[in-house]
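Following: one structure in structure tokens, then a few remarks.
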Amino acid sequence: MRVVIVGAGIAGLAAAQALAGHAEVTVLDAAGRVGGKLRTTPIEGMDVEEGAESFLARVPDGLRLARQVGLGHKVVHPATNSASLWIRGRLRPIPPNTMLGVPTDVLGLIRSGVLTPRGMVRAAADLALPRSRFPDDPTVGEFVGARVGREVVDLLVDPLLGGVYAGRADALSLRATVPQLVPILAEDRSLLLGAHRVRARTGPTGASPGAPVFASLRGGLGSFATRVAER
């Protein structure tokens with residue numbers, strides 16, 4: 001069997017890796033390099049990512065591929081002590097104890113100043129609103145917005161999810177991108193109370209408590225694409 005893969009980004013290269021030994025594979029790309037959006041460039045002696053700087057550790061495919069191509073020993077888990085959002089002319093800390101942008105700590109949300117007073121009132125209304133009706137797989141924006149309001153979607157969920165999936169919450173499948181919220185959709189009337197319960201059990205990303213959220217490689221993700229292409 002002969003297979004042509006269009007695009008030598010990490011998705012195309014991973015597909016070629018999966019087909020190795022099962023087909024004659026040709027990978028095409030308009031650029032003169034592999035990696036697509038993964039690109040690491042040295043600047044003043046430091047490796048700087050021009051595209052994605054990490055991938056989700058709770059999704060096993062990236063880690064599995066790194067080990068398959070002999071980069072398991074170079075996997076690292078970057079973390080930050082704090083992160084902020086630029087909102088209404090100033091940096092405001094991301095509220096503590098959020099679950100992918102969905103707040104579970106009311107006092108922390110108030111202190112952060114991320115939401116306006118009106119946005120706070122609308123988010124709190126989730127505790128009193130009746131159960132909402134949704135399709136089997138709503139978008140993240142549809143589900144979160146209906147329960148806690150658009151400010152939470154626009155100022156918290158969109159920035160966090162956008163950095164991971166390069167998409168807007170109003171166009172992202174809840175089941176595909178935030179599966180840890182799916183039990184809340186089926187079991188809980190209140191999103192805030194349901195998120196608090198899920199977070200207490202599983203941690204902020206739905207992984208086991210204490211498990212790393214992100215993974216990357218020493219030397220940058222550009223080397224990831226290069227190694228997969230070599231293999």
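Note on naming: chains are A, B, ... as they come in the structure tokens, residues start from 1 per chain, ligands start from 1 in the order shown.
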For region 89-96 of chain A: contacts at 7 Å, only C-alpha atoms, fewer than 3 positions along chain excluded, given as a count of residues only: 10
Of the listed residues A:Gly45, A:Gly51, A:Pro103, A:Pro135, that which approaches Met120 (chain A) most closely, counting only C-alpha atoms: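 Checking each candidate against Met120 (chain A), we get A:Pro103 as the closest.
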Let's see if you can do this: from backbone DSSP, list all strand (DSSP E) residues in region 63-230 of chain A, as a PyMOL selection string. chain A and resi 75-76+84-87+90-93+98-99+102-103+214-217
Neighbouring residues of Arg197 (chain A) were defined as those with any atom within 12 Å, considering only C-alpha atoms; residues of the same chain fewer than 2 positions away were excluded. Please report them as a VMD selection string. chain A and resid 97 to 99 103 to 105 180 to 181 183 to 184 187 to 188 190 to 195 199 to 204 206
Of the candidates A:Val178, A:Ala57, A:Ile10, A:Ala18, which one gets nearest to Gly35 (chain A) if we count only C-alpha atoms? A:Ile10
